[in-house]
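Here is protein18.cif, consisting of mmCIF, C-alpha atoms and all ligand atoms:
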data_protein
loop_
_atom_site.group_PDB
_atom_site.id
_atom_site.type_symbol
_atom_site.label_atom_id
_atom_site.label_comp_id
_atom_site.auth_asym_id
_atom_site.auth_seq_id
_atom_site.Cartn_x
_atom_site.Cartn_y
_atom_site.Cartn_z
ATOM 1 C CA MET A 11 0.000 0.000 0.000
ATOM 2 C CA PRO A 12 1.341 3.460 -0.743
ATOM 3 C CA GLU A 13 2.218 5.237 2.487
ATOM 4 C CA LEU A 14 2.314 8.909 3.360
ATOM 5 C CA PRO A 15 5.261 9.882 1.099
ATOM 6 C CA GLU A 16 3.830 8.056 -1.895
ATOM 7 C CA VAL A 17 0.348 9.531 -1.431
ATOM 8 C CA GLU A 18 1.954 12.967 -0.989
ATOM 9 C CA VAL A 19 3.797 12.499 -4.280
ATOM 10 C CA VAL A 20 0.508 11.560 -5.989
ATOM 11 C CA ALA A 21 -1.233 14.562 -4.363
ATOM 12 C CA ARG A 22 1.419 16.944 -5.682
ATOM 13 C CA GLY A 23 1.261 15.421 -9.158
ATOM 14 C CA LEU A 24 -2.516 15.584 -9.175
ATOM 15 C CA ARG A 25 -2.548 19.161 -7.921
ATOM 16 C CA ASN A 26 -0.476 20.214 -10.904
ATOM 17 C CA LYS A 27 -2.906 18.606 -13.313
ATOM 18 C CA VAL A 28 -6.440 19.108 -12.044
ATOM 19 C CA VAL A 29 -6.671 22.217 -9.860
ATOM 20 C CA GLY A 30 -8.754 24.799 -11.719
ATOM 21 C CA LEU A 31 -10.529 22.274 -13.937
ATOM 22 C CA THR A 32 -14.301 21.878 -13.868
ATOM 23 C CA ILE A 33 -15.808 18.409 -13.602
ATOM 24 C CA ASP A 34 -18.246 18.121 -16.502
ATOM 25 C CA LYS A 35 -19.292 14.547 -16.105
ATOM 26 C CA VAL A 36 -18.625 11.634 -13.763
ATOM 27 C CA SER A 37 -19.265 7.954 -14.225
ATOM 28 C CA ALA A 38 -18.632 5.020 -11.903
ATOM 29 C CA THR A 39 -18.998 1.270 -12.340
ATOM 30 C CA SER A 40 -20.399 0.398 -8.941
ATOM 31 C CA GLU A 41 -21.878 1.879 -5.814
ATOM 32 C CA LYS A 42 -19.147 0.198 -3.761
ATOM 33 C CA VAL A 43 -16.346 2.282 -5.240
ATOM 34 C CA VAL A 44 -18.161 5.528 -4.408
ATOM 35 C CA GLY A 45 -19.388 4.246 -1.047
ATOM 36 C CA GLY A 46 -23.085 4.738 -1.831
ATOM 37 C CA SER A 47 -25.418 6.224 -4.394
ATOM 38 C CA LEU A 48 -24.014 6.995 -7.844
ATOM 39 C CA GLU A 49 -26.607 9.731 -8.238
ATOM 40 C CA LYS A 50 -25.364 11.437 -5.093
ATOM 41 C CA PHE A 51 -21.769 11.142 -6.275
ATOM 42 C CA LYS A 52 -22.685 12.834 -9.560
ATOM 43 C CA LYS A 53 -24.834 15.476 -7.903
ATOM 44 C CA PHE A 54 -22.041 16.407 -5.488
ATOM 45 C CA THR A 55 -19.319 16.645 -8.127
ATOM 46 C CA GLN A 56 -20.642 17.496 -11.596
ATOM 47 C CA GLY A 57 -20.324 21.148 -12.536
ATOM 48 C CA ALA A 58 -17.884 21.894 -9.720
ATOM 49 C CA LYS A 59 -14.385 23.230 -10.084
ATOM 50 C CA ILE A 60 -11.471 21.548 -8.329
ATOM 51 C CA LYS A 61 -10.089 24.060 -5.854
ATOM 52 C CA SER A 62 -7.342 22.117 -4.117
ATOM 53 C CA VAL A 63 -5.925 18.683 -3.425
ATOM 54 C CA GLN A 64 -4.957 17.932 0.160
ATOM 55 C CA ARG A 65 -3.503 14.866 1.853
ATOM 56 C CA VAL A 66 -4.099 13.644 5.397
ATOM 57 C CA GLY A 67 -2.330 10.403 6.289
ATOM 58 C CA LYS A 68 -2.843 8.163 3.264
ATOM 59 C CA LEU A 69 -6.076 9.908 2.327
ATOM 60 C CA LEU A 70 -6.525 12.369 -0.539
ATOM 61 C CA ILE A 71 -9.022 15.192 -0.032
ATOM 62 C CA ILE A 72 -10.187 16.978 -3.170
ATOM 63 C CA HIS A 73 -11.932 20.277 -2.381
ATOM 64 C CA LEU A 74 -14.594 21.437 -4.821
ATOM 65 C CA SER A 75 -15.970 24.904 -5.540
ATOM 66 C CA ASN A 76 -19.503 23.816 -4.555
ATOM 67 C CA LYS A 77 -18.394 23.264 -0.942
ATOM 68 C CA ASN A 78 -18.271 19.512 -1.327
ATOM 69 C CA VAL A 79 -15.231 17.284 -0.964
ATOM 70 C CA ILE A 80 -14.123 13.996 -2.461
ATOM 71 C CA LEU A 81 -12.196 11.721 -0.095
ATOM 72 C CA LEU A 82 -10.131 9.183 -2.004
ATOM 73 C CA HIS A 83 -8.158 6.221 -0.704
ATOM 74 C CA LEU A 84 -5.894 4.286 -3.071
ATOM 75 C CA LYS A 85 -5.647 1.324 -0.672
ATOM 76 C CA LEU A 86 -3.552 -1.545 -2.040
ATOM 77 C CA THR A 87 -3.814 -1.223 -5.789
ATOM 78 C CA GLY A 88 -5.556 2.063 -6.539
ATOM 79 C CA GLN A 89 -4.195 4.093 -9.388
ATOM 80 C CA LEU A 90 -4.993 7.538 -10.737
ATOM 81 C CA ILE A 91 -4.451 8.179 -14.415
ATOM 82 C CA TYR A 92 -4.759 11.664 -15.802
ATOM 83 C CA VAL A 93 -5.053 11.936 -19.574
ATOM 84 C CA ASP A 94 -4.716 15.451 -20.926
ATOM 85 C CA ARG A 95 -6.724 16.792 -23.856
ATOM 86 C CA PHE A 96 -3.972 15.753 -26.247
ATOM 87 C CA GLY A 97 -4.237 12.147 -25.066
ATOM 88 C CA LYS A 98 -1.030 12.138 -23.071
ATOM 89 C CA GLY A 99 -1.404 10.016 -19.936
ATOM 90 C CA TYR A 100 0.020 10.385 -16.447
ATOM 91 C CA LYS A 101 -0.520 7.767 -13.780
ATOM 92 C CA GLY A 102 0.231 7.556 -10.096
ATOM 93 C CA GLY A 103 -0.204 4.864 -7.470
ATOM 94 C CA HIS A 104 -0.048 1.178 -8.254
ATOM 95 C CA SER A 105 1.973 0.388 -11.366
ATOM 96 C CA GLN A 106 0.727 -3.110 -12.246
ATOM 97 C CA LYS A 107 1.331 -3.824 -15.917
ATOM 98 C CA ALA A 108 -2.227 -5.060 -16.317
ATOM 99 C CA TYR A 109 -3.304 -1.442 -16.184
ATOM 100 C CA ASP A 110 -1.254 -0.366 -19.091
ATOM 101 C CA THR A 111 -4.067 -0.578 -21.574
ATOM 102 C CA LYS A 112 -5.443 2.805 -22.452
ATOM 103 C CA PRO A 113 -8.088 3.934 -19.947
ATOM 104 C CA PRO A 114 -10.926 3.448 -19.480
ATOM 105 C CA SER A 115 -10.148 -0.260 -19.110
ATOM 106 C CA LYS A 116 -11.825 -3.055 -17.196
ATOM 107 C CA TYR A 117 -9.949 -1.799 -14.111
ATOM 108 C CA THR A 118 -11.373 1.712 -14.392
ATOM 109 C CA HIS A 119 -14.037 2.273 -11.746
ATOM 110 C CA ILE A 120 -14.495 6.034 -11.819
ATOM 111 C CA THR A 121 -14.046 8.475 -14.699
ATOM 112 C CA PHE A 122 -14.003 12.251 -14.311
ATOM 113 C CA ALA A 123 -14.390 14.192 -17.566
ATOM 114 C CA PHE A 124 -13.175 17.795 -17.343
ATOM 115 C CA ASN A 125 -14.208 20.934 -19.199
ATOM 116 C CA ASP A 126 -10.925 21.062 -21.138
ATOM 117 C CA ARG A 127 -11.545 17.553 -22.512
ATOM 118 C CA SER A 128 -9.000 15.938 -20.199
ATOM 119 C CA HIS A 129 -9.932 12.979 -17.967
ATOM 120 C CA LEU A 130 -9.021 11.501 -14.616
ATOM 121 C CA TYR A 131 -9.452 7.750 -14.202
ATOM 122 C CA PHE A 132 -9.509 5.871 -10.930
ATOM 123 C CA ASN A 133 -8.321 2.332 -11.584
ATOM 124 C CA ASP A 134 -8.204 -0.424 -9.021
ATOM 125 C CA LEU A 135 -7.219 -4.022 -9.616
ATOM 126 C CA ARG A 136 -8.239 -5.423 -6.230
ATOM 127 C CA ARG A 137 -11.057 -2.973 -5.640
ATOM 128 C CA PHE A 138 -10.343 -2.002 -2.049
ATOM 129 C CA GLY A 139 -9.882 1.653 -2.956
ATOM 130 C CA TRP A 140 -12.722 4.167 -2.912
ATOM 131 C CA ALA A 141 -13.747 7.752 -3.545
ATOM 132 C CA LYS A 142 -16.591 9.187 -1.476
ATOM 133 C CA VAL A 143 -18.311 12.552 -1.507
ATOM 134 C CA PHE A 144 -19.256 14.670 1.486
ATOM 135 C CA ARG A 145 -20.261 18.209 2.307
ATOM 136 C CA ARG A 146 -17.192 20.119 3.398
ATOM 137 C CA GLN A 147 -19.048 21.152 6.522
ATOM 138 C CA ASP A 148 -19.459 17.516 7.577
ATOM 139 C CA LEU A 149 -15.744 17.067 7.176
ATOM 140 C CA GLU A 150 -14.877 20.199 9.111
ATOM 141 C CA GLU A 151 -17.327 19.431 11.878
ATOM 142 C CA ARG A 152 -16.331 15.785 11.790
ATOM 143 C CA LYS A 153 -19.920 14.734 11.291
ATOM 144 C CA GLN A 154 -21.416 11.580 9.804
ATOM 145 C CA GLU A 155 -19.234 9.229 7.784
ATOM 146 C CA ALA A 156 -16.675 11.917 6.926
ATOM 147 C CA GLY A 157 -16.198 12.400 10.654
ATOM 148 C CA LYS A 158 -15.778 8.681 11.191
ATOM 149 C CA ILE A 159 -13.146 8.433 8.479
ATOM 150 C CA LEU A 160 -11.171 11.300 9.990
ATOM 151 C CA ALA A 161 -11.680 9.981 13.522
ATOM 152 C CA GLY A 162 -9.765 6.884 12.466
ATOM 153 C CA LEU A 163 -6.762 9.029 11.667
ATOM 154 C CA GLY A 164 -4.369 10.303 14.292
ATOM 155 C CA PRO A 165 -2.178 13.360 13.747
ATOM 156 C CA ASP A 166 -0.484 13.673 10.381
ATOM 157 C CA PRO A 167 3.254 13.843 11.098
ATOM 158 C CA MET A 168 3.762 16.543 8.447
ATOM 159 C CA GLY A 169 1.122 18.796 10.023
ATOM 160 C CA ASN A 170 1.127 21.115 13.021
ATOM 161 C CA GLU A 171 -1.082 18.866 15.136
ATOM 162 C CA PHE A 172 1.715 16.326 15.531
ATOM 163 C CA SER A 173 3.707 16.765 18.725
ATOM 164 C CA LEU A 174 6.429 14.666 20.276
ATOM 165 C CA GLN A 175 4.783 14.698 23.690
ATOM 166 C CA SER A 176 1.409 13.466 22.456
ATOM 167 C CA PHE A 177 3.195 10.867 20.316
ATOM 168 C CA LEU A 178 4.998 9.601 23.423
ATOM 169 C CA ALA A 179 1.748 9.490 25.396
ATOM 170 C CA ASN A 180 -0.143 7.727 22.594
ATOM 171 C CA VAL A 181 2.548 5.087 22.213
ATOM 172 C CA LYS A 182 2.934 4.475 25.942
ATOM 173 C CA ARG A 183 -0.813 4.069 26.347
ATOM 174 C CA ARG A 184 -0.447 0.839 24.353
ATOM 175 C CA ALA A 185 2.158 -0.630 26.733
ATOM 176 C CA LYS A 186 1.232 -4.268 26.147
ATOM 177 C CA SER A 187 1.379 -4.136 22.340
ATOM 178 C CA ASN A 188 4.556 -4.503 20.368
ATOM 179 C CA ILE A 189 6.119 -1.313 19.059
ATOM 180 C CA TYR A 190 5.728 -2.372 15.425
ATOM 181 C CA GLN A 191 1.942 -2.687 15.625
ATOM 182 C CA VAL A 192 1.598 0.521 17.606
ATOM 183 C CA LEU A 193 3.481 2.496 14.960
ATOM 184 C CA MET A 194 1.344 0.870 12.246
ATOM 185 C CA ASP A 195 -1.839 2.057 14.007
ATOM 186 C CA GLN A 196 -3.241 4.983 11.992
ATOM 187 C CA LYS A 197 -4.651 6.493 15.182
ATOM 188 C CA VAL A 198 -1.135 6.887 16.570
ATOM 189 C CA VAL A 199 0.421 8.383 13.445
ATOM 190 C CA ALA A 200 -1.612 8.836 10.265
ATOM 191 C CA GLY A 201 0.229 7.767 7.145
ATOM 192 C CA LEU A 202 2.900 5.408 8.432
ATOM 193 C CA GLY A 203 2.877 1.866 7.062
ATOM 194 C CA ASN A 204 5.052 -1.148 6.641
ATOM 195 C CA ILE A 205 7.918 0.506 4.771
ATOM 196 C CA TYR A 206 8.610 3.447 7.056
ATOM 197 C CA VAL A 207 7.784 1.702 10.353
ATOM 198 C CA ASN A 208 10.443 -0.914 9.588
ATOM 199 C CA GLU A 209 12.932 1.782 8.633
ATOM 200 C CA LEU A 210 12.237 3.852 11.757
ATOM 201 C CA LEU A 211 12.758 0.852 14.034
ATOM 202 C CA TRP A 212 16.060 0.040 12.347
ATOM 203 C CA ARG A 213 17.214 3.624 12.762
ATOM 204 C CA ALA A 214 16.285 3.501 16.464
ATOM 205 C CA LYS A 215 17.855 0.023 16.899
ATOM 206 C CA VAL A 216 14.624 -1.342 18.339
ATOM 207 C CA ASN A 217 13.397 -4.859 17.614
ATOM 208 C CA PRO A 218 9.891 -4.717 16.041
ATOM 209 C CA LYS A 219 8.539 -7.358 18.440
ATOM 210 C CA THR A 220 9.510 -5.461 21.596
ATOM 211 C CA LYS A 221 6.574 -4.636 23.833
ATOM 212 C CA VAL A 222 6.111 -0.889 24.231
ATOM 213 C CA ALA A 223 6.483 -1.213 28.019
ATOM 214 C CA LYS A 224 10.058 -2.394 27.440
ATOM 215 C CA VAL A 225 11.081 0.298 24.990
ATOM 216 C CA PRO A 226 12.948 3.067 26.846
ATOM 217 C CA LYS A 227 11.382 6.520 26.690
ATOM 218 C CA GLU A 228 14.452 7.911 24.879
ATOM 219 C CA LYS A 229 14.004 5.360 22.117
ATOM 220 C CA ILE A 230 10.329 6.267 21.667
ATOM 221 C CA LEU A 231 11.304 9.938 21.494
ATOM 222 C CA PHE A 232 14.077 9.094 19.017
ATOM 223 C CA ILE A 233 11.500 7.334 16.803
ATOM 224 C CA GLY A 234 9.055 10.243 17.162
ATOM 225 C CA ARG A 235 11.687 12.788 16.195
ATOM 226 C CA GLY A 236 12.686 10.654 13.205
ATOM 227 C CA ILE A 237 9.243 10.377 11.601
ATOM 228 C CA LYS A 238 9.052 13.701 9.790
ATOM 229 C CA PRO A 239 12.657 13.619 8.517
ATOM 230 C CA ILE A 240 12.357 10.115 7.015
ATOM 231 C CA LEU A 241 9.063 10.992 5.349
ATOM 232 C CA GLU A 242 10.465 14.258 3.978
ATOM 233 C CA GLU A 243 13.477 12.388 2.699
ATOM 234 C CA ALA A 244 11.254 9.805 0.986
ATOM 235 C CA ILE A 245 9.082 12.531 -0.565
ATOM 236 C CA SER A 246 12.184 14.273 -1.919
ATOM 237 C CA TYR A 247 13.104 11.032 -3.681
ATOM 238 C CA GLY A 248 9.586 10.644 -5.080
ATOM 239 C CA GLY A 249 8.594 7.927 -2.613
ATOM 240 C CA SER A 250 9.466 4.234 -2.562
ATOM 241 C CA SER A 251 8.546 1.926 -5.400
ATOM 242 C CA ALA A 252 9.111 -1.237 -3.341
ATOM 243 C CA ASN A 253 5.416 -2.052 -3.643
ATOM 244 C CA THR A 254 5.073 -1.183 -7.312
ATOM 245 C CA PHE A 255 4.159 2.410 -6.554
ATOM 246 C CA VAL A 256 4.680 4.928 -9.342
ATOM 247 C CA LYS A 257 4.413 8.699 -9.420
ATOM 248 C CA ILE A 258 1.723 10.576 -11.349
ATOM 249 C CA ASP A 259 4.097 10.765 -14.332
ATOM 250 C CA GLY A 260 4.450 6.976 -14.235
ATOM 251 C CA SER A 261 8.092 7.019 -13.134
ATOM 252 C CA LYS A 262 9.316 5.110 -10.108
ATOM 253 C CA GLY A 263 10.057 6.631 -6.724
ATOM 254 C CA LYS A 264 13.777 6.603 -6.093
ATOM 255 C CA TYR A 265 13.688 6.023 -2.345
ATOM 256 C CA THR A 266 13.570 2.220 -2.719
ATOM 257 C CA ASP A 267 17.361 2.045 -3.111
ATOM 258 C CA ARG A 268 17.853 3.879 0.150
ATOM 259 C CA LEU A 269 15.781 1.545 2.339
ATOM 260 C CA ALA A 270 17.827 -0.109 5.087
ATOM 261 C CA VAL A 271 15.664 -3.094 6.002
ATOM 262 C CA TYR A 272 12.356 -3.123 4.161
ATOM 263 C CA GLN A 273 12.289 -6.124 1.789
ATOM 264 C CA ARG A 274 16.058 -6.562 2.289
ATOM 265 C CA GLN A 275 15.798 -9.982 3.967
ATOM 266 C CA LYS A 276 18.928 -12.139 3.705
ATOM 267 C CA GLN A 277 21.026 -9.088 2.844
ATOM 268 C CA PRO A 278 23.742 -7.629 5.101
ATOM 269 C CA CYS A 279 22.846 -4.847 7.529
ATOM 270 C CA HIS A 280 24.028 -1.403 6.400
ATOM 271 C CA ARG A 281 25.676 -0.959 9.819
ATOM 272 C CA LYS A 282 28.226 -3.595 8.776
ATOM 273 C CA ASP A 283 27.709 -5.388 12.077
ATOM 274 C CA LYS A 284 27.666 -8.827 10.413
ATOM 275 C CA GLY A 285 23.886 -8.892 10.861
ATOM 276 C CA VAL A 286 21.715 -10.340 8.094
ATOM 277 C CA ILE A 287 18.287 -8.765 7.681
ATOM 278 C CA ALA A 288 15.534 -11.113 8.849
ATOM 279 C CA ARG A 289 11.825 -11.126 8.114
ATOM 280 C CA VAL A 290 9.214 -12.043 10.712
ATOM 281 C CA SER A 291 5.461 -11.966 10.497
ATOM 282 C CA ILE A 292 3.700 -9.701 12.986
ATOM 283 C CA GLY A 293 -0.084 -9.695 12.808
ATOM 284 C CA GLY A 294 0.110 -10.969 9.236
ATOM 285 C CA ARG A 295 2.497 -8.223 8.102
ATOM 286 C CA GLY A 296 6.169 -8.623 7.267
ATOM 287 C CA ALA A 297 8.524 -6.942 9.693
ATOM 288 C CA PHE A 298 12.182 -6.626 8.706
ATOM 289 C CA TYR A 299 15.043 -6.140 11.147
ATOM 290 C CA CYS A 300 18.699 -6.798 11.834
ATOM 291 C CA PRO A 301 19.122 -9.429 14.593
ATOM 292 C CA ILE A 302 22.418 -7.839 15.663
ATOM 293 C CA CYS A 303 21.729 -4.102 16.061
ATOM 294 C CA GLN A 304 18.013 -4.600 16.769
ATOM 295 C CA LYS A 305 18.430 -7.369 19.324
ATOM 296 C CA GLY A 306 15.596 -6.079 21.396
ATOM 297 C CA VAL A 307 15.468 -4.599 24.829
ATOM 298 C CA LYS A 308 16.121 -6.992 27.664
HETATM 299 ZN ZN ZN A 401 22.570 -4.305 12.080
#

Using the file provided, produce a representation of the structure as structure tokens.
Amino acid sequence: MPELPEVEVVARGLRNKVVGLTIDKVSATSEKVVGGSLEKFKKFTQGAKIKSVQRVGKLLIIHLSNKNVILLHLKLTGQLIYVDRFGKGYKGGHSQKAYDTKPPSKYTHITFAFNDRSHLYFNDLRRFGWAKVFRRQDLEERKQEAGKILAGLGPDPMGNEFSLQSFLANVKRRAKSNIYQVLMDQKVVAGLGNIYVNELLWRAKVNPKTKVAKVPKEKILFIGRGIKPILEEAISYGGSSANTFVKIDGSKGKYTDRLAVYQRQKQPCHRKDKGVIARVSIGGRGAFYCPICQKGVK
């Protein structure tokens, strides 16, 4: 799944393409992908101009001129393809080859047609992704489903609401859980996922299976302080393409080569400590660590 840096890269790419365009017509293949009535989705979006594209955690928020918003989650295999009026395509998100046919294809679930004859296609192979419409007021007042979606998201580490002290408190509150799962929890930090949680734990020399209660406070603070820098670094490299992510121009994120542990099992640790990166399953997810420098806290 694309994580915060990858979704940020898509948001920036999308912003460049669609802000200022008016949505002439929308079509969708199922009610599931728009989270409810197709008629409502059309009514909330058609005729509106795209004012801005925002990102919170892994969620994209598209603000419209008619005071409605589209919340869009790429999930595992979502992909956005923008085709300009000259037919030139730009895609971001999942890069699966099966998508490479010209959109709309059998993987296209939502099509936005703009006033300048360009189009935005939302493709999704596994169909976990969605785009839902809400009144902006419901979002701001955290009402109804929009409120529920946002309530599931903790502070975004790139935003002002993220603080080291509340991060420490939120982590410590989950004393009996292992540090890996706590950092993966979107309510603790919105936007972190498998790639960057593994990297952060390697940087802090903390074993992913360590129970929070046994992680020293200084280590938790070290992790907290490291979140924004690693995400900024990843964004500056265009994200990581370890999970087939591609930018809106279809090119790969360059951060993959800089990852220390993620998907580097059986390879030597970058600390040159003779450790070989191991992979363990935690709650069904793959955690990667060096058994030497991330021995765990005794
Ligand atoms: Zn090591």

From the list A:Glu242, A:Leu84, A:Ser62, A:Ala161, which residue is nearest Met11 in chain A when using all atoms listed in the file? A:Leu84

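In terms of minimum interatomic distance to ligand ZN 401 (chain A), A:Arg213 ranks closest within A:Arg289, A:Lys264, A:Arg213, A:Lys224, counting all atoms listed in the file.
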
Report as number ranges by chain which protein, DNA and RNA residues come within 9 Å of ligand ZN 401 (chain A), using all atoms listed in the file. A: 212, 215, 278-287, 299-305

Neighbouring residues of range 70-80 of chain A were defined as those with any atom within 6 Å, considering all atoms listed in the file; residues of the same chain fewer than 3 positions away were excluded. Please report them as a VMD selection string. chain A and resid 58 to 65 142 to 146

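Coordinates place CA of Gly99 in chain A at a distance of 27.8 Å from CA of Glu49 in chain A.
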
Explicit residues for the PyMOL selection byres (((chain A and resi 38-41) around 12) and not hetatm) (as a ChimeraX atom specification): /A:35-37,42-52,114-123,130-134,137,140-142

Could you dump the residues just selected with C-alpha atoms as a compact mmCIF listing (two decimals), keeping the file's coordinate frame?
# COMPACT_ATOMS: atom_id res chain seq x y z
CA LYS A 35 -19.29 14.55 -16.10
CA VAL A 36 -18.62 11.63 -13.76
CA SER A 37 -19.26 7.95 -14.22
CA LYS A 42 -19.15 0.20 -3.76
CA VAL A 43 -16.35 2.28 -5.24
CA VAL A 44 -18.16 5.53 -4.41
CA GLY A 45 -19.39 4.25 -1.05
CA GLY A 46 -23.08 4.74 -1.83
CA SER A 47 -25.42 6.22 -4.39
CA LEU A 48 -24.01 7.00 -7.84
CA GLU A 49 -26.61 9.73 -8.24
CA LYS A 50 -25.36 11.44 -5.09
CA PHE A 51 -21.77 11.14 -6.28
CA LYS A 52 -22.68 12.83 -9.56
CA PRO A 114 -10.93 3.45 -19.48
CA SER A 115 -10.15 -0.26 -19.11
CA LYS A 116 -11.82 -3.06 -17.20
CA TYR A 117 -9.95 -1.80 -14.11
CA THR A 118 -11.37 1.71 -14.39
CA HIS A 119 -14.04 2.27 -11.75
CA ILE A 120 -14.50 6.03 -11.82
CA THR A 121 -14.05 8.48 -14.70
CA PHE A 122 -14.00 12.25 -14.31
CA ALA A 123 -14.39 14.19 -17.57
CA LEU A 130 -9.02 11.50 -14.62
CA TYR A 131 -9.45 7.75 -14.20
CA PHE A 132 -9.51 5.87 -10.93
CA ASN A 133 -8.32 2.33 -11.58
CA ASP A 134 -8.20 -0.42 -9.02
CA ARG A 137 -11.06 -2.97 -5.64
CA TRP A 140 -12.72 4.17 -2.91
CA ALA A 141 -13.75 7.75 -3.54
CA LYS A 142 -16.59 9.19 -1.48

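Nearest residue to Ile292 in chain A, choosing from A:Ser187, A:Gly67, A:Lys158, A:Arg268 and counting only C-alpha atoms: A:Ser187.
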
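Using only C-alpha atoms for every distance, the candidate list A:Lys197, A:Lys112, A:Arg152, A:Arg127 yields A:Lys197 as the residue closest to Phe177 in chain A.
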
Separation of CA of Val20 in chain A and CA of Glu209 in chain A, in Å? 21.5 Å

Taking all listed atoms of range 263-271 of chain A, build the axis-aligned box, pad each of the six sides by 6 Å, then write its centre and edge lengths in Å to one decimal as AutoDock Vina command-line options.
--center_x 14.0 --center_y 1.8 --center_z -0.4 --size_x 19.8 --size_y 21.7 --size_z 24.7

So, counting all atoms listed in the file, which residue among A:Ile189, A:Tyr272, A:Leu14, A:Gln56 is closest to Gly248 in chain A? A:Leu14

Using all atoms listed in the file, find the one residue out of A:Gln89, A:Asn204, A:Gln196, A:Thr266 that sits nearest to Val17 in chain A. A:Gln89

Residue members of the PyMOL selection byres (((chain A and resi 164) around 6) and not hetatm) in the file shown, as number ranges by chain: A: 163, 165, 196-200

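Summary of the local environment: counting all atoms listed in the file, residues at most 8 Å from Tyr265 in chain A, other than itself and those fewer than 2 positions away along its chain, are Ala244, Tyr247, Gly248, Gly249, Ser250, Ser251, Gly263, Asp267, Arg268 and Leu269 of chain A.
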
Please rebuild range 139-151 of chain A with N, CA and C atoms and return the result as a PDB file, keeping the file's coordinate frame.
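As written to disk, out_13.pdb reads:
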ATOM      1  N   GLY A 139      -9.924   0.190  -2.969  1.00  0.00           N
ATOM      2  CA  GLY A 139      -9.882   1.653  -2.956  1.00  0.00           C
ATOM      3  C   GLY A 139     -11.277   2.243  -3.128  1.00  0.00           C
ATOM      4  N   TRP A 140     -11.417   3.510  -2.764  1.00  0.00           N
ATOM      5  CA  TRP A 140     -12.722   4.167  -2.912  1.00  0.00           C
ATOM      6  C   TRP A 140     -12.581   5.671  -3.019  1.00  0.00           C
ATOM      7  N   ALA A 141     -13.638   6.291  -3.528  1.00  0.00           N
ATOM      8  CA  ALA A 141     -13.747   7.752  -3.545  1.00  0.00           C
ATOM      9  C   ALA A 141     -15.159   8.064  -3.065  1.00  0.00           C
ATOM     10  N   LYS A 142     -15.264   8.886  -2.035  1.00  0.00           N
ATOM     11  CA  LYS A 142     -16.591   9.187  -1.476  1.00  0.00           C
ATOM     12  C   LYS A 142     -16.795  10.689  -1.406  1.00  0.00           C
ATOM     13  N   VAL A 143     -18.039  11.110  -1.555  1.00  0.00           N
ATOM     14  CA  VAL A 143     -18.311  12.552  -1.507  1.00  0.00           C
ATOM     15  C   VAL A 143     -19.007  12.952  -0.204  1.00  0.00           C
ATOM     16  N   PHE A 144     -18.651  14.134   0.267  1.00  0.00           N
ATOM     17  CA  PHE A 144     -19.256  14.670   1.486  1.00  0.00           C
ATOM     18  C   PHE A 144     -19.397  16.178   1.357  1.00  0.00           C
ATOM     19  N   ARG A 145     -20.240  16.751   2.204  1.00  0.00           N
ATOM     20  CA  ARG A 145     -20.261  18.209   2.307  1.00  0.00           C
ATOM     21  C   ARG A 145     -19.028  18.610   3.106  1.00  0.00           C
ATOM     22  N   ARG A 146     -18.409  19.703   2.700  1.00  0.00           N
ATOM     23  CA  ARG A 146     -17.192  20.119   3.398  1.00  0.00           C
ATOM     24  C   ARG A 146     -17.456  20.369   4.882  1.00  0.00           C
ATOM     25  N   GLN A 147     -18.668  20.872   5.139  1.00  0.00           N
ATOM     26  CA  GLN A 147     -19.048  21.152   6.522  1.00  0.00           C
ATOM     27  C   GLN A 147     -19.017  19.891   7.394  1.00  0.00           C
ATOM     28  N   ASP A 148     -19.481  18.766   6.810  1.00  0.00           N
ATOM     29  CA  ASP A 148     -19.459  17.516   7.577  1.00  0.00           C
ATOM     30  C   ASP A 148     -18.032  17.099   7.914  1.00  0.00           C
ATOM     31  N   LEU A 149     -17.153  17.399   6.971  1.00  0.00           N
ATOM     32  CA  LEU A 149     -15.744  17.067   7.176  1.00  0.00           C
ATOM     33  C   LEU A 149     -15.163  17.951   8.273  1.00  0.00           C
ATOM     34  N   GLU A 150     -15.423  19.246   8.146  1.00  0.00           N
ATOM     35  CA  GLU A 150     -14.877  20.199   9.111  1.00  0.00           C
ATOM     36  C   GLU A 150     -15.428  19.971  10.518  1.00  0.00           C
ATOM     37  N   GLU A 151     -16.713  19.637  10.561  1.00  0.00           N
ATOM     38  CA  GLU A 151     -17.327  19.431  11.878  1.00  0.00           C
ATOM     39  C   GLU A 151     -17.227  17.977  12.317  1.00  0.00           C
TER      40      GLU A 151
END
